[in-house]
Amino acid sequence: MCHEKSGRALIILKILFNYVSALLVLIFLMFASGNSQLSAKLIQSSDLSYLGSFKVPQGGGTANGAFEYGGSAMAYNPVNDSIYLVGHVYDQRTAELKIPALGGIATTIQPLTDSLEGKLGSVGIGSIYIGGHMIFNARLFTTAFVYYDGDGSQTLSHFSRPLSLATKGQVSGPSRAGSMGAGYYSGYMAPVPVEWQAALGGQAVTGNCCLSIISRTSYGPALFSFNPSSLGTATPLVYYTQSQQTLGIYGASGSHPVFNGTTRVKGVIIPAGTASVLFFGRTGIGNYCYGEASACGDPSSSSKGEHAYPYKLYVWAYDLRDLAQVRSGVRQPWSVVPYATWELAGSGDSEYSGAAAYDQATNRIFIAEQYGDGERPLIRVFKLSLASVPVPPLQAPTNLRVVP
């Protein structure tokens with residue numbers, strides 16, 4: 001009898017806890033909507049206008065041809081009005097480029113350099129690529145991932161160093177970002193606006209998606225908050241596991257542009273003054289097909305694999321308030337879905353296109369289109385207009401539950 005009473009008491013306590021948690025989230029959202037420091041504005045496709053593009057320089061003295069076959073892991077430096085960008089895929093070297101006038105060619109501020117000073121290989125075995133760059137507190141943060149991590153054993157992924165690539169002996173890392181495998185963390189990064197840091201639980205965000213050996217990473221955009229000065233405790237905000245494929249149907253025939261076997265996510269930004277986080281990458285919008293490119297009707301490829309031609313540069317837009325609910329513990333990370341998705345100007349034929357950087361002062365968004373200029377990347381520039389962003393009505397969260 002005592003055990004039955006104890007059991008009923010525990011059930012009642014759990015129910016009360018669920019209700020209290022839901023109430024706290026509602027209170028938070030009400031506070032956020034009335035607080036001028038927490039905007040409820042959601043960015044839509046109409047708020048991005050295409051301005052034009054610029055090219056990266058030729059040459060660079062590296063073994064495999066400078067920026068040819070490159071254009072990943074971009075970060076914006078407001079001090080120099082410049083971008084950090086990775087060159088040739090074989091070299092994995094980083095340069096800083098001065099942004100030119102639209103239609104021009106960027107000039108080199110810092111040449112292509114092994115920014116990790118030989119430490120790239122310390123995260124695992126096999127081909128290893130730089131996944132993302134971020135400037136934070138006058139340091140350059142870098143992520144790296146094993147291209148084909150067959151057993152999902154990579155755990156270390158994050159580095160930091162001075163912004164001067166000529167400075168030697170001050171590379172920190174690799175470090176572990178969080179308790180999950182590195183396939184969830186080892187890509188794009190972005191600072192979190194001050195007004196959202198408490199709600200999201202960190203000063204910056206990091207994530208990765210859609211890598212080879214898909215089971216070790218997220219089946220769609222993933223994001224975790226973290227504090228760059230204390231890596232190791234990244235907090236989940238959104239991700240999709242193999243058993244929780246909320247977005248699209250992986251490997252199925254038919255068109256599922258939000259997520260399919262050809263989807264790649266390579267960049268993320270969180271514009272201040274909004275409640276939006278924008279992911280950038282590419283995805284196939286045609287019928288899914290596995291096999292030889294010719295048999296799948298894919299003229300952009302010559303290899304056997306997953307195809308969904310044609311491919312587009314793509315945006316996944318999420319509501320930060322949804323992510324705050326996950327961080328608070330009342331929603332599962334895979335229960336969150338984009339409030340909008342849309343295509344961008346440019347080609348998504350390369351699976352490495354979509355690296356992104358953001359200039360908060362001018363609201364310019366830079367997107368790297370690999371092979372946009374022959375073998376070199378083309379940097380496309382968009383303008384974000386915050387004045388026209390609509391403010392949606394506050395709604396009560398649905399499907400609230402406590403994360404065990």
# chains A, B, ... in the order shown; residues from 1 in each chain; ligands from 1
>>> residues_around(residues="A:Ala204", least_positions_apart="2", cutoff="9 Å", atoms="only C-alpha atoms", output="PyMOL selection string")
chain A and resi 136+189-193+197+201-202+206+224-228
>>> residues_around(residues="A:Tyr352", least_positions_apart="6", cutoff="12 Å", atoms="only C-alpha atoms", output="PyMOL selection string")
chain A and resi 69-74+86+88-89+129-132+187+209-211+262-267+280-283+311-313+367-372+377
>>> residues_around(residues="stretch 143-147 of chain A", least_positions_apart="2", cutoff="8 Å", atoms="only C-alpha atoms", output="number ranges by chain")
A: 120, 123-133, 141, 149, 154, 157-159, 182-183, 186-188, 211-212
>>> select_by_dssp(residues="stretch 40-255 of chain A", states="helix (DSSP H, G or I)", output="PyMOL selection string")
chain A and resi 45-47+120-123+182-184+194-200+214-216
>>> closest_residue(among="A:Leu102, A:Ala234, A:Leu386, A:Ala317", to="A:Tyr50", atoms="only C-alpha atoms")
A:Leu102
>>> residues_around(residues="A:Glu96", least_positions_apart="4", cutoff="8 Å", atoms="only C-alpha atoms", output="PyMOL selection string")
chain A and resi 82-85+108-112
>>> select_by_dssp(residues="stretch 245-335 of chain A", states="strand (DSSP E)", output="PyMOL selection string")
chain A and resi 264-269+276-284+289-292+304-307+311-319
>>> write_last_selection(atoms="C-alpha atoms", output="PDB file, in the first residue's frame")
ATOM      1  CA  ARG A 264      24.403  20.021 -46.801  1.00  0.00           C
ATOM      2  CA  VAL A 265      24.498  22.816 -44.193  1.00  0.00           C
ATOM      3  CA  LYS A 266      27.647  24.970 -44.150  1.00  0.00           C
ATOM      4  CA  GLY A 267      26.865  28.261 -42.407  1.00  0.00           C
ATOM      5  CA  VAL A 268      24.783  29.930 -39.698  1.00  0.00           C
ATOM      6  CA  ILE A 269      24.077  33.494 -38.530  1.00  0.00           C
ATOM      7  CA  SER A 276      15.711  34.271 -36.192  1.00  0.00           C
ATOM      8  CA  VAL A 277      18.638  31.964 -36.737  1.00  0.00           C
ATOM      9  CA  LEU A 278      19.425  31.331 -40.399  1.00  0.00           C
ATOM     10  CA  PHE A 279      21.238  28.236 -41.658  1.00  0.00           C
ATOM     11  CA  PHE A 280      22.810  28.234 -45.145  1.00  0.00           C
ATOM     12  CA  GLY A 281      23.798  25.392 -47.453  1.00  0.00           C
ATOM     13  CA  ARG A 282      22.590  23.517 -50.501  1.00  0.00           C
ATOM     14  CA  THR A 283      19.935  20.925 -51.193  1.00  0.00           C
ATOM     15  CA  GLY A 284      18.519  18.984 -54.101  1.00  0.00           C
ATOM     16  CA  CYS A 289      18.002   8.896 -56.716  1.00  0.00           C
ATOM     17  CA  TYR A 290      20.890   6.687 -55.607  1.00  0.00           C
ATOM     18  CA  GLY A 291      23.239   5.461 -58.325  1.00  0.00           C
ATOM     19  CA  GLU A 292      25.421   6.711 -61.143  1.00  0.00           C
ATOM     20  CA  LYS A 304      27.912   7.350 -58.017  1.00  0.00           C
ATOM     21  CA  GLY A 305      25.972   8.310 -54.923  1.00  0.00           C
ATOM     22  CA  GLU A 306      22.951  10.303 -53.841  1.00  0.00           C
ATOM     23  CA  HIS A 307      21.367  12.695 -56.318  1.00  0.00           C
ATOM     24  CA  TYR A 311      20.538  21.797 -56.577  1.00  0.00           C
ATOM     25  CA  LYS A 312      19.964  25.193 -54.988  1.00  0.00           C
ATOM     26  CA  LEU A 313      21.618  27.394 -52.404  1.00  0.00           C
ATOM     27  CA  TYR A 314      19.160  27.158 -49.538  1.00  0.00           C
ATOM     28  CA  VAL A 315      18.120  28.822 -46.279  1.00  0.00           C
ATOM     29  CA  TRP A 316      16.578  27.167 -43.216  1.00  0.00           C
ATOM     30  CA  ALA A 317      15.049  29.761 -40.843  1.00  0.00           C
ATOM     31  CA  TYR A 318      14.329  28.834 -37.204  1.00  0.00           C
ATOM     32  CA  ASP A 319      12.637  30.722 -34.388  1.00  0.00           C
TER      33      ASP A 319
END
>>> residues_around(residues="A:Ser385", least_positions_apart="5", cutoff="10 Å", atoms="only C-alpha atoms", output="list in words")
Ile43, Gln44, Ser46, Asp47, Leu48, Ser49, Thr362, Asn363 and Arg364 of chain A
>>> residues_around(residues="A:Met180", least_positions_apart="3", cutoff="12 Å", atoms="only C-alpha atoms", output="ChimeraX atom specification")
/A:152-157,176-177,183-186,207-208,216-218,224,232-236,239,241
>>> closest_residue(among="A:Glu375, A:Gln245, A:Ser45, A:Val171", to="A:Gly59", atoms="only C-alpha atoms")
A:Glu375
